[in-house]
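As provided, work_25.cif (mmCIF, C-alpha atoms) reads as follows.
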data_input
loop_
_atom_site.group_PDB
_atom_site.id
_atom_site.type_symbol
_atom_site.label_atom_id
_atom_site.label_comp_id
_atom_site.auth_asym_id
_atom_site.auth_seq_id
_atom_site.Cartn_x
_atom_site.Cartn_y
_atom_site.Cartn_z
ATOM 1 C CA MET A 152 77.064 55.807 110.077
ATOM 2 C CA ASN A 153 74.130 57.637 111.617
ATOM 3 C CA ARG A 154 70.607 56.849 110.514
ATOM 4 C CA ILE A 155 70.139 59.966 108.359
ATOM 5 C CA ASP A 156 73.259 59.154 106.333
ATOM 6 C CA ARG A 157 72.180 55.513 106.078
ATOM 7 C CA LEU A 158 68.726 56.458 104.771
ATOM 8 C CA SER A 159 70.318 58.661 102.109
ATOM 9 C CA ALA A 160 72.705 55.848 101.141
ATOM 10 C CA ILE A 161 69.829 53.344 100.927
ATOM 11 C CA LEU A 162 67.959 55.749 98.668
ATOM 12 C CA ILE A 163 70.956 55.939 96.336
ATOM 13 C CA GLN A 164 71.313 52.143 96.406
ATOM 14 C CA LEU A 165 67.660 51.709 95.435
ATOM 15 C CA GLN A 166 68.301 53.844 92.353
ATOM 16 C CA SER A 167 71.410 51.887 91.389
ATOM 17 C CA LYS A 168 69.532 48.735 90.304
ATOM 18 C CA LYS A 169 66.190 47.703 88.925
ATOM 19 C CA VAL A 170 65.429 45.668 92.060
ATOM 20 C CA VAL A 171 67.367 45.617 95.350
ATOM 21 C CA ARG A 172 66.924 42.778 97.837
ATOM 22 C CA ALA A 173 66.589 43.554 101.539
ATOM 23 C CA LEU A 174 69.484 41.196 102.230
ATOM 24 C CA GLU A 175 71.761 43.300 99.985
ATOM 25 C CA ILE A 176 70.967 46.391 102.043
ATOM 26 C CA ALA A 177 71.468 44.523 105.317
ATOM 27 C CA GLU A 178 74.867 43.186 104.257
ATOM 28 C CA ARG A 179 76.067 46.540 102.951
ATOM 29 C CA PHE A 180 75.335 48.423 106.174
ATOM 30 C CA ASP A 181 75.780 45.483 108.572
ATOM 31 C CA ILE A 182 72.269 45.834 109.957
ATOM 32 C CA SER A 183 69.460 43.372 110.582
ATOM 33 C CA LEU A 184 66.624 42.750 108.141
ATOM 34 C CA ARG A 185 64.255 44.192 110.748
ATOM 35 C CA THR A 186 66.209 47.451 110.646
ATOM 36 C CA VAL A 187 66.066 47.434 106.836
ATOM 37 C CA TYR A 188 62.281 47.153 106.962
ATOM 38 C CA ARG A 189 62.086 50.065 109.417
ATOM 39 C CA ASP A 190 64.350 52.213 107.219
ATOM 40 C CA ILE A 191 62.296 51.483 104.100
ATOM 41 C CA ARG A 192 59.136 52.389 105.988
ATOM 42 C CA ALA A 193 60.740 55.666 107.110
ATOM 43 C CA LEU A 194 61.597 56.566 103.522
ATOM 44 C CA GLU A 195 58.057 55.780 102.412
ATOM 45 C CA GLU A 196 56.642 57.977 105.182
ATOM 46 C CA ALA A 197 58.921 60.776 103.950
ATOM 47 C CA GLY A 198 57.217 60.578 100.564
ATOM 48 C CA VAL A 199 59.688 58.440 98.615
ATOM 49 C CA PRO A 200 57.716 56.192 96.201
ATOM 50 C CA ILE A 201 59.180 52.756 96.895
ATOM 51 C CA GLY A 202 57.595 49.666 95.415
ATOM 52 C CA ALA A 203 58.018 46.118 96.729
ATOM 53 C CA GLU A 204 57.599 42.674 95.224
ATOM 54 C CA ALA A 205 57.210 39.831 97.683
ATOM 55 C CA GLY A 206 60.192 37.500 97.648
ATOM 56 C CA VAL A 207 62.069 39.679 95.147
ATOM 57 C CA GLY A 208 62.942 43.069 96.595
ATOM 58 C CA TYR A 209 62.396 46.822 96.552
ATOM 59 C CA PHE A 210 62.384 49.214 93.614
ATOM 60 C CA MET A 211 61.894 52.904 92.917
ATOM 61 C CA MET A 212 58.681 53.875 91.192
ATOM 62 C CA GLU A 213 59.068 55.105 87.612
ATOM 63 C CA GLY A 214 59.773 58.816 87.271
ATOM 64 C CA TYR A 215 61.346 59.424 90.666
ATOM 65 C CA SER A 216 64.944 60.598 90.808
ATOM 66 C CA LEU A 217 67.367 62.089 93.295
ATOM 67 C CA PRO A 218 69.134 65.416 92.906
ATOM 68 C CA PRO A 219 72.630 65.179 91.294
ATOM 69 C CA VAL A 220 74.966 62.934 93.282
ATOM 70 C CA LYS A 221 77.602 64.689 95.406
ATOM 71 C CA PHE A 222 80.975 63.117 96.093
ATOM 72 C CA SER A 223 83.180 63.503 99.143
ATOM 73 C CA LYS A 224 86.933 64.055 98.729
ATOM 74 C CA ASP A 225 87.603 60.457 99.765
ATOM 75 C CA GLU A 226 85.074 59.142 97.235
ATOM 76 C CA ALA A 227 86.577 61.327 94.499
ATOM 77 C CA GLY A 228 90.047 60.021 95.392
ATOM 78 C CA ALA A 229 88.810 56.430 95.216
ATOM 79 C CA ILE A 230 87.340 57.085 91.762
ATOM 80 C CA LEU A 231 90.679 58.525 90.633
ATOM 81 C CA MET A 232 92.568 55.422 91.803
ATOM 82 C CA ALA A 233 90.048 53.099 90.147
ATOM 83 C CA THR A 234 90.439 55.102 86.936
ATOM 84 C CA LYS A 235 94.225 54.822 87.044
ATOM 85 C CA LEU A 236 93.944 51.036 87.404
ATOM 86 C CA ALA A 237 91.386 50.741 84.617
ATOM 87 C CA GLU A 238 93.561 52.778 82.254
ATOM 88 C CA LYS A 239 96.300 50.162 82.551
ATOM 89 C CA GLN A 240 94.175 47.026 82.713
ATOM 90 C CA THR A 241 91.524 47.527 80.027
ATOM 91 C CA ASP A 242 91.506 47.994 76.276
ATOM 92 C CA VAL A 243 90.964 51.044 74.060
ATOM 93 C CA SER A 244 87.166 50.750 74.016
ATOM 94 C CA ILE A 245 86.849 50.812 77.800
ATOM 95 C CA ARG A 246 89.465 53.543 78.235
ATOM 96 C CA ASN A 247 87.562 55.827 75.854
ATOM 97 C CA ASN A 248 84.269 55.265 77.686
ATOM 98 C CA LEU A 249 86.040 55.712 81.006
ATOM 99 C CA ASN A 250 87.486 59.071 80.006
ATOM 100 C CA ASP A 251 84.049 60.304 78.950
ATOM 101 C CA ALA A 252 82.560 59.111 82.248
ATOM 102 C CA LEU A 253 85.339 60.750 84.253
ATOM 103 C CA PHE A 254 84.666 64.128 82.647
ATOM 104 C CA LYS A 255 81.028 63.831 83.728
ATOM 105 C CA ILE A 256 82.019 62.847 87.255
ATOM 106 C CA ARG A 257 84.469 65.742 87.528
ATOM 107 C CA SER A 258 81.793 68.148 86.349
ATOM 108 C CA ALA A 259 79.610 67.098 89.307
ATOM 109 C CA LEU A 260 82.355 67.763 91.859
ATOM 110 C CA LYS A 261 82.521 70.876 93.993
ATOM 111 C CA VAL A 262 85.534 73.152 93.623
ATOM 112 C CA GLU A 263 87.081 71.681 96.778
ATOM 113 C CA GLU A 264 86.923 68.124 95.407
ATOM 114 C CA LYS A 265 88.267 69.213 92.012
ATOM 115 C CA ASP A 266 91.235 70.911 93.660
ATOM 116 C CA TYR A 267 91.817 67.810 95.763
ATOM 117 C CA LEU A 268 91.965 65.572 92.670
ATOM 118 C CA GLU A 269 94.263 67.929 90.807
ATOM 119 C CA SER A 270 96.630 68.044 93.767
ATOM 120 C CA ILE A 271 97.131 64.251 93.825
ATOM 121 C CA GLU A 272 96.489 63.157 90.236
ATOM 122 C CA ASN A 273 100.112 63.462 89.064
ATOM 123 C CA ASN A 274 101.369 61.622 92.147
ATOM 124 C CA ILE A 275 99.347 58.452 91.649
ATOM 125 C CA GLU A 276 100.498 56.037 88.981
ATOM 126 C CA VAL A 277 99.993 52.373 88.084
ATOM 127 C CA ILE A 278 103.239 51.005 86.657
ATOM 128 C CA HIS A 279 103.345 47.779 84.685
ATOM 129 C CA SER A 280 106.327 46.079 83.163
ATOM 130 C CA PRO A 281 106.531 46.831 79.419
ATOM 131 C CA GLN A 282 104.463 44.480 77.265
ATOM 132 C CA THR A 283 104.918 43.800 73.584
ATOM 133 C CA ILE A 284 101.945 45.115 71.626
ATOM 134 C CA ASN A 285 101.073 43.153 68.505
ATOM 135 C CA ALA A 286 99.598 45.502 65.908
ATOM 136 C CA ASP A 287 97.779 42.557 64.308
ATOM 137 C CA PHE A 288 95.381 42.409 67.243
ATOM 138 C CA PRO A 289 93.299 45.573 67.774
ATOM 139 C CA ASN A 290 92.441 44.686 71.409
ATOM 140 C CA ASN A 291 89.459 47.036 71.536
ATOM 141 C CA PHE A 292 86.505 44.703 71.874
ATOM 142 C CA LEU A 293 85.769 44.687 75.620
ATOM 143 C CA ALA A 294 82.920 47.191 75.288
ATOM 144 C CA ASN A 295 81.338 45.098 72.507
ATOM 145 C CA ILE A 296 81.662 41.949 74.593
ATOM 146 C CA GLN A 297 80.075 43.724 77.563
ATOM 147 C CA SER A 298 77.131 44.706 75.384
ATOM 148 C CA ALA A 299 76.733 41.172 74.068
ATOM 149 C CA LEU A 300 76.798 39.831 77.638
ATOM 150 C CA ALA A 301 74.053 42.223 78.692
ATOM 151 C CA ASN A 302 71.892 41.573 75.629
ATOM 152 C CA LYS A 303 72.585 37.820 75.509
ATOM 153 C CA LYS A 304 73.721 37.928 71.893
ATOM 154 C CA VAL A 305 76.045 35.508 70.105
ATOM 155 C CA ILE A 306 79.307 37.096 68.955
ATOM 156 C CA ASN A 307 81.424 36.077 65.984
ATOM 157 C CA PHE A 308 85.172 36.625 65.746
ATOM 158 C CA ASP A 309 88.465 35.282 64.426
ATOM 159 C CA TYR A 310 90.582 33.834 67.212
ATOM 160 C CA TYR A 311 94.310 33.249 67.154
ATOM 161 C CA SER A 312 95.567 30.046 68.755
ATOM 162 C CA ASN A 313 99.144 30.346 69.946
ATOM 163 C CA TYR A 314 99.357 26.558 70.141
ATOM 164 C CA ASN A 315 98.389 26.012 66.486
ATOM 165 C CA ASP A 316 99.720 29.340 65.209
ATOM 166 C CA ALA A 317 96.483 29.758 63.254
ATOM 167 C CA PHE A 318 93.147 31.594 63.223
ATOM 168 C CA THR A 319 89.733 29.981 63.490
ATOM 169 C CA ASN A 320 86.359 31.652 63.129
ATOM 170 C CA ARG A 321 84.137 31.206 66.176
ATOM 171 C CA ASP A 322 80.502 31.780 67.111
ATOM 172 C CA VAL A 323 80.476 32.190 70.887
ATOM 173 C CA GLU A 324 77.770 32.638 73.509
ATOM 174 C CA PRO A 325 79.493 35.013 75.984
ATOM 175 C CA MET A 326 79.109 34.057 79.647
ATOM 176 C CA SER A 327 81.749 36.030 81.535
ATOM 177 C CA LEU A 328 84.552 38.562 81.271
ATOM 178 C CA CYS A 329 87.286 38.006 83.833
ATOM 179 C CA TYR A 330 90.767 39.378 84.438
ATOM 180 C CA TYR A 331 93.507 36.961 85.411
ATOM 181 C CA ALA A 332 97.113 36.250 84.441
ATOM 182 C CA ARG A 333 97.503 39.901 83.360
ATOM 183 C CA ASN A 334 94.865 39.660 80.615
ATOM 184 C CA TRP A 335 91.111 39.945 80.116
ATOM 185 C CA HIS A 336 89.510 36.647 79.179
ATOM 186 C CA LEU A 337 86.154 35.886 77.614
ATOM 187 C CA VAL A 338 84.582 32.666 78.866
ATOM 188 C CA GLY A 339 81.795 31.442 76.647
ATOM 189 C CA TYR A 340 80.156 28.524 74.904
ATOM 190 C CA CYS A 341 81.942 27.948 71.594
ATOM 191 C CA ARG A 342 79.572 26.637 68.947
ATOM 192 C CA LEU A 343 82.516 25.392 66.880
ATOM 193 C CA ARG A 344 83.810 23.147 69.694
ATOM 194 C CA ASN A 345 80.380 22.581 71.305
ATOM 195 C CA ASP A 346 81.844 23.289 74.719
ATOM 196 C CA LEU A 347 82.891 26.058 77.085
ATOM 197 C CA ARG A 348 86.112 27.800 76.127
ATOM 198 C CA ASP A 349 88.435 30.511 77.450
ATOM 199 C CA PHE A 350 89.461 33.227 74.955
ATOM 200 C CA ARG A 351 92.089 35.889 75.624
ATOM 201 C CA SER A 352 90.675 39.225 74.500
ATOM 202 C CA ASP A 353 93.981 40.349 72.991
ATOM 203 C CA ARG A 354 93.892 37.434 70.518
ATOM 204 C CA ILE A 355 90.495 38.348 69.065
ATOM 205 C CA MET A 356 90.089 39.909 65.618
ATOM 206 C CA LYS A 357 87.128 41.119 63.532
ATOM 207 C CA LEU A 358 84.539 40.777 66.281
ATOM 208 C CA ARG A 359 80.902 41.483 65.491
ATOM 209 C CA THR A 360 77.719 41.029 67.473
ATOM 210 C CA THR A 361 75.077 38.947 65.698
ATOM 211 C CA GLU A 362 71.315 39.194 66.014
ATOM 212 C CA THR A 363 71.149 35.634 67.392
ATOM 213 C CA SER A 364 70.071 35.394 71.033
ATOM 214 C CA PHE A 365 70.936 32.596 73.444
ATOM 215 C CA ASP A 366 69.800 31.322 76.838
ATOM 216 C CA PRO A 367 72.548 31.671 79.515
ATOM 217 C CA ALA A 368 70.737 29.141 81.724
ATOM 218 C CA ARG A 369 71.972 26.392 79.380
ATOM 219 C CA HIS A 370 75.534 27.005 80.594
ATOM 220 C CA GLU A 371 75.181 27.645 84.305
ATOM 221 C CA ASP A 372 78.185 25.367 84.850
ATOM 222 C CA TYR A 373 80.487 28.039 83.371
ATOM 223 C CA LYS A 374 81.419 29.221 86.877
ATOM 224 C CA GLY A 375 82.813 25.795 87.688
ATOM 225 C CA TYR A 376 84.696 25.824 84.381
ATOM 226 C CA LEU A 377 86.084 29.287 85.173
ATOM 227 C CA ASP A 378 87.182 28.184 88.617
ATOM 228 C CA THR A 379 88.956 25.204 87.063
ATOM 229 C CA ILE A 380 90.942 27.182 84.502
ATOM 230 C CA VAL A 381 91.936 29.920 86.939
ATOM 231 C CA ARG A 382 93.017 27.607 89.728
ATOM 232 C CA GLY A 383 94.293 24.880 87.451
ATOM 233 C CA THR A 384 93.526 21.222 88.062
ATOM 234 C CA ASP A 385 97.005 19.904 87.326
ATOM 235 C CA LEU A 386 99.239 22.505 88.967
ATOM 236 C CA ILE A 387 102.392 21.299 90.694
ATOM 237 C CA GLU A 388 103.746 22.920 93.850
ATOM 238 C CA VAL A 389 107.351 24.050 93.518
ATOM 239 C CA ASN A 390 109.587 25.278 96.348
ATOM 240 C CA ILE A 391 112.800 27.137 95.534
ATOM 241 C CA ARG A 392 115.476 28.651 97.800
ATOM 242 C CA PHE A 393 116.974 31.818 96.285
ATOM 243 C CA ASP A 394 120.045 33.700 97.400
ATOM 244 C CA VAL A 395 118.708 36.895 99.016
ATOM 245 C CA LYS A 396 120.704 39.080 96.611
ATOM 246 C CA VAL A 397 119.163 37.417 93.556
ATOM 247 C CA SER A 398 115.620 37.488 94.977
ATOM 248 C CA ARG A 399 115.577 41.275 94.740
ATOM 249 C CA TYR A 400 115.758 41.113 90.962
ATOM 250 C CA ILE A 401 112.912 38.684 90.323
ATOM 251 C CA GLN A 402 110.093 40.503 92.115
ATOM 252 C CA GLU A 403 108.228 41.040 88.835
ATOM 253 C CA SER A 404 109.132 37.954 86.794
ATOM 254 C CA ARG A 405 108.257 35.520 89.574
ATOM 255 C CA TYR A 406 104.550 36.216 89.098
ATOM 256 C CA PHE A 407 104.750 34.947 85.503
ATOM 257 C CA MET A 408 106.013 31.656 86.932
ATOM 258 C CA GLY A 409 103.103 31.159 89.338
ATOM 259 C CA PHE A 410 104.506 32.725 92.512
ATOM 260 C CA ILE A 411 102.339 32.136 95.613
ATOM 261 C CA GLU A 412 104.257 33.191 98.718
ATOM 262 C CA SER A 413 107.731 33.687 100.195
ATOM 263 C CA GLU A 414 109.527 33.392 103.517
ATOM 264 C CA VAL A 415 112.504 35.696 104.041
ATOM 265 C CA HIS A 416 115.578 34.606 106.032
ATOM 266 C CA ASP A 417 118.936 36.283 106.629
ATOM 267 C CA ASN A 418 120.778 34.964 103.585
ATOM 268 C CA TYR A 419 118.080 33.338 101.494
ATOM 269 C CA VAL A 420 114.410 33.516 100.524
ATOM 270 C CA ASP A 421 112.176 30.452 100.204
ATOM 271 C CA MET A 422 109.525 30.886 97.507
ATOM 272 C CA LYS A 423 106.542 28.745 96.664
ATOM 273 C CA PHE A 424 105.189 28.516 93.106
ATOM 274 C CA MET A 425 102.377 26.648 91.382
ATOM 275 C CA THR A 426 103.180 25.593 87.827
ATOM 276 C CA SER A 427 101.658 23.358 85.188
ATOM 277 C CA ASN A 428 104.906 22.829 83.274
ATOM 278 C CA LEU A 429 108.087 21.693 85.030
ATOM 279 C CA ASN A 430 110.065 21.880 81.783
ATOM 280 C CA ILE A 431 109.428 25.605 81.381
ATOM 281 C CA PHE A 432 110.076 26.213 85.074
ATOM 282 C CA ALA A 433 113.379 24.287 84.939
ATOM 283 C CA ARG A 434 114.612 26.331 81.976
ATOM 284 C CA TRP A 435 113.711 29.548 83.846
ATOM 285 C CA LEU A 436 115.719 28.387 86.873
ATOM 286 C CA LEU A 437 118.858 27.732 84.804
ATOM 287 C CA GLN A 438 119.602 31.463 84.588
ATOM 288 C CA PHE A 439 120.188 31.645 88.361
ATOM 289 C CA THR A 440 122.825 28.853 88.399
ATOM 290 C CA THR A 441 124.056 28.437 92.013
ATOM 291 C CA ALA A 442 121.857 31.253 93.344
ATOM 292 C CA ALA A 443 118.750 29.036 93.233
ATOM 293 C CA LYS A 444 118.265 25.609 94.804
ATOM 294 C CA VAL A 445 115.313 23.291 94.229
ATOM 295 C CA ILE A 446 113.752 22.214 97.509
ATOM 296 C CA SER A 447 110.927 20.262 95.888
ATOM 297 C CA PRO A 448 109.853 18.405 93.855
ATOM 298 C CA SER A 449 112.853 16.223 93.095
ATOM 299 C CA LEU A 450 111.609 15.791 89.520
ATOM 300 C CA LEU A 451 112.240 19.491 88.922
ATOM 301 C CA GLU A 452 115.797 19.148 90.187
ATOM 302 C CA ASP A 453 116.313 16.244 87.779
ATOM 303 C CA LYS A 454 115.055 18.355 84.869
ATOM 304 C CA VAL A 455 117.344 21.284 85.755
ATOM 305 C CA ILE A 456 120.320 18.903 85.757
ATOM 306 C CA GLU A 457 119.163 17.318 82.506
ATOM 307 C CA PHE A 458 118.866 20.677 80.700
ATOM 308 C CA PHE A 459 122.180 21.869 82.103
ATOM 309 C CA GLN A 460 123.915 18.744 80.830
ATOM 310 C CA GLU A 461 122.260 19.122 77.406
ATOM 311 C CA GLY A 462 123.587 22.670 77.174
ATOM 312 C CA LEU A 463 127.042 21.630 78.326
ATOM 313 C CA THR A 464 127.141 18.887 75.714
ATOM 314 C CA ALA A 465 126.007 21.244 72.956
ATOM 315 C CA TYR A 466 128.642 23.850 73.773
ATOM 316 C CA SER A 467 131.335 21.174 74.095
ATOM 317 C CA GLN A 468 130.579 20.020 70.570
ATOM 318 C CA VAL A 469 130.840 23.585 69.270
ATOM 319 C CA GLU A 470 134.256 24.032 70.902
ATOM 320 C CA ALA A 471 135.468 20.711 69.477
ATOM 321 C CA LYS A 472 134.775 21.952 65.955
#
Could you write out this structure as structure tokens?
Amino acid sequence: MNRIDRLSAILIQLQSKKVVRALEIAERFDISLRTVYRDIRALEEAGVPIGAEAGVGYFMMEGYSLPPVKFSKDEAGAILMATKLAEKQTDVSIRNNLNDALFKIRSALKVEEKDYLESIENNIEVIHSPQTINADFPNNFLANIQSALANKKVINFDYYSNYNDAFTNRDVEPMSLCYYARNWHLVGYCRLRNDLRDFRSDRIMKLRTTETSFDPARHEDYKGYLDTIVRGTDLIEVNIRFDVKVSRYIQESRYFMGFIESEVHDNYVDMKFMTSNLNIFARWLLQFTTAAKVISPSLLEDKVIEFFQEGLTAYSQVEAK
């Protein structure tokens, strides 16, 4: 990137946040802090009103704004792909806001960029395996949760526990929204349990934002909690050898079982999984019969044999009747 383009990009970056640290600019453009200081000085000499707060960062003076942003074809294409992903991986509230935003973005594009998007839009698709939608759960609260996060407001909702098959009413201090295991999760401090908790957004009902504020600094350890639940502290490594013909048909389902990596050979595929429940994993393996062999741990092999024998006994008793 030449210096003129970099100065323009820095100007846009300064308008993207309330305060931008010099280190952020340096890391984005892979330049030294000394170069950042020179670029900021050049913008100031060109008449751009940039303020600075020692030890904090740079900011644009109130009232200054750039002309409407222009997008390149590559940038427009990237926005299209991000939109396609968001349509499949967010809820109704975010999708509605996203569609409104996309109309505004398209309106700012030149004719060439609009034609470019139209030429590729129908050829880009994000395909997910079908998921059962439970009409009891509206799954349209992500925008409300985002707002509560920004405003540091306690939210109240009814939450369904799959384990107890029951609803409980919760007051929660929202700390983070994160996407893992094919769902959006709210991590927050639950005032009912007096501890940090992980809530799946698609199990939330009747959410409302209260007027009660909270101090996020009281729960700075939430990142450690989040890391623990995502990685899992009690996961067990499982290694399975699949017949190569069978492996072709489990490309999607393997991820639900904690798939990590695979090593392909001529007649078989070795796959590594991380699971927290050997019983569930053993029952999943039963469907492959002789096309799957447990490499490790031996306890999993024992469980597969145990469940197979239980099934054999049950069917033998049916036949005897």
Answer key for the PyMOL selection byres ((chain A and resi 401-412) around 7), residues as an MDAnalysis selection string: chainID A and resid 398:400 413 422:426
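Of the listed residues A:Ala443, A:Leu451, A:Ala433, A:Met211, the one whose atoms come nearest to Tyr419 of chain A is A:Ala443, with distances taken using all atoms listed in the file.
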Neighbour list for Val323 of chain A as a ChimeraX atom specification, cut-off 6 Å, all atoms listed in the file, skip fewer than 5 positions in-chain: /A:305-306,339-342
Segment 263-267 of chain A environment, 10 Å, all atoms listed in the file, sequence neighbours closer than 2 positions dropped, as an MDAnalysis selection string: chainID A and resid 221:228 257:261 269:272
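In terms of minimum interatomic distance to His370 of chain A, A:Asn345 ranks closest within A:Asn428, A:Asn418, A:Asn345, A:Ser467, counting only C-alpha atoms.
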Nearest to Leu437 of chain A by atom-to-atom distance, counting all atoms listed in the file, from A:Lys357, A:Arg369, A:Arg392, A:Lys454: A:Lys454
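Taking all atoms listed in the file, the non-local environment of Asn290 of chain A within 7 Å (same-chain residues fewer than 6 positions away omitted) comprises Asp242, Ser352 and Asp353 of chain A.
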Please produce a file of those selected residues containing C-alpha atoms, as a PDB file, in the frame of the given file.
ATOM      1  CA  ASP A 242      91.506  47.994  76.276  1.00  0.00           C
ATOM      2  CA  SER A 352      90.675  39.225  74.500  1.00  0.00           C
ATOM      3  CA  ASP A 353      93.981  40.349  72.991  1.00  0.00           C
TER       4      ASP A 353
END
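Ranking A:Asp421, A:Ala160, A:Leu268, A:Glu213 by their shortest atom-to-atom distance to Met232 of chain A, with all atoms listed in the file included, puts A:Leu268 first.
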For atom CA of Gln240 of chain A and atom CA of Asn334 of chain A, the interatomic separation in Å (one decimal): 7.7 Å
Sphere at (121.0, 37.4, 100.4), radius 10 Å, counting only C-alpha atoms: residues as a PyMOL selection string: chain A and resi 393-399+415-420+442
The PyMOL selection byres ((chain A and resi 356) around 10) resolved against shown file, as an NGL selection string: :A and (287-292 or 307-311 or 318 or 320 or 352-355 or 357-359)
Go ahead and write the selection's residues with C-alpha atoms as a PDB file, in the coordinates of the input.
ATOM      1  CA  ASP A 287      97.779  42.557  64.308  1.00  0.00           C
ATOM      2  CA  PHE A 288      95.381  42.409  67.243  1.00  0.00           C
ATOM      3  CA  PRO A 289      93.299  45.573  67.774  1.00  0.00           C
ATOM      4  CA  ASN A 290      92.441  44.686  71.409  1.00  0.00           C
ATOM      5  CA  ASN A 291      89.459  47.036  71.536  1.00  0.00           C
ATOM      6  CA  PHE A 292      86.505  44.703  71.874  1.00  0.00           C
ATOM      7  CA  ASN A 307      81.424  36.077  65.984  1.00  0.00           C
ATOM      8  CA  PHE A 308      85.172  36.625  65.746  1.00  0.00           C
ATOM      9  CA  ASP A 309      88.465  35.282  64.426  1.00  0.00           C
ATOM     10  CA  TYR A 310      90.582  33.834  67.212  1.00  0.00           C
ATOM     11  CA  TYR A 311      94.310  33.249  67.154  1.00  0.00           C
ATOM     12  CA  PHE A 318      93.147  31.594  63.223  1.00  0.00           C
ATOM     13  CA  ASN A 320      86.359  31.652  63.129  1.00  0.00           C
ATOM     14  CA  SER A 352      90.675  39.225  74.500  1.00  0.00           C
ATOM     15  CA  ASP A 353      93.981  40.349  72.991  1.00  0.00           C
ATOM     16  CA  ARG A 354      93.892  37.434  70.518  1.00  0.00           C
ATOM     17  CA  ILE A 355      90.495  38.348  69.065  1.00  0.00           C
ATOM     18  CA  LYS A 357      87.128  41.119  63.532  1.00  0.00           C
ATOM     19  CA  LEU A 358      84.539  40.777  66.281  1.00  0.00           C
ATOM     20  CA  ARG A 359      80.902  41.483  65.491  1.00  0.00           C
TER      21      ARG A 359
END
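Here the question is which of A:Phe365, A:Trp335, A:Phe432, A:Tyr373 gets nearest to Lys239 of chain A using all atoms listed in the file, and that residue is A:Trp335.
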Residues near segment 189-203 of chain A, cut-off 9 Å, all atoms listed in the file, skip fewer than 2 positions along chain, as a PyMOL selection string: chain A and resi 154+157-158+161-162+165+170+184-187+205-213+215
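Note that atom CA of Ile380 of chain A and atom CA of Leu429 of chain A are 18.0 Å apart.
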Length of the atom CA of Gly214 of chain A to atom CA of Gln164 of chain A vector [Å]: 16.2 Å
How big is the axis-aligned box around all listed atoms of segment 354-369 of chain A once 4 Å goes on each side, and where's its centre, in Å to one decimal, as AutoDock Vina command-line options?
--center_x 81.8 --center_y 33.9 --center_z 72.6 --size_x 32.1 --size_y 23.1 --size_z 26.2
Expected selection from the PyMOL selection byres ((chain A and resi 245) around 12), given as JSON, numbers by chain: {"A": [234, 236, 237, 238, 239, 240, 241, 242, 243, 244, 246, 247, 248, 249, 250, 251, 252, 253, 290, 291, 292, 293, 294, 295, 296, 297, 298, 335]}
Pick from A:Tyr188, A:Lys303, A:Asp349, A:Ala465, whichever lies nearest to Ile176 of chain A using all atoms listed in the file: A:Tyr188
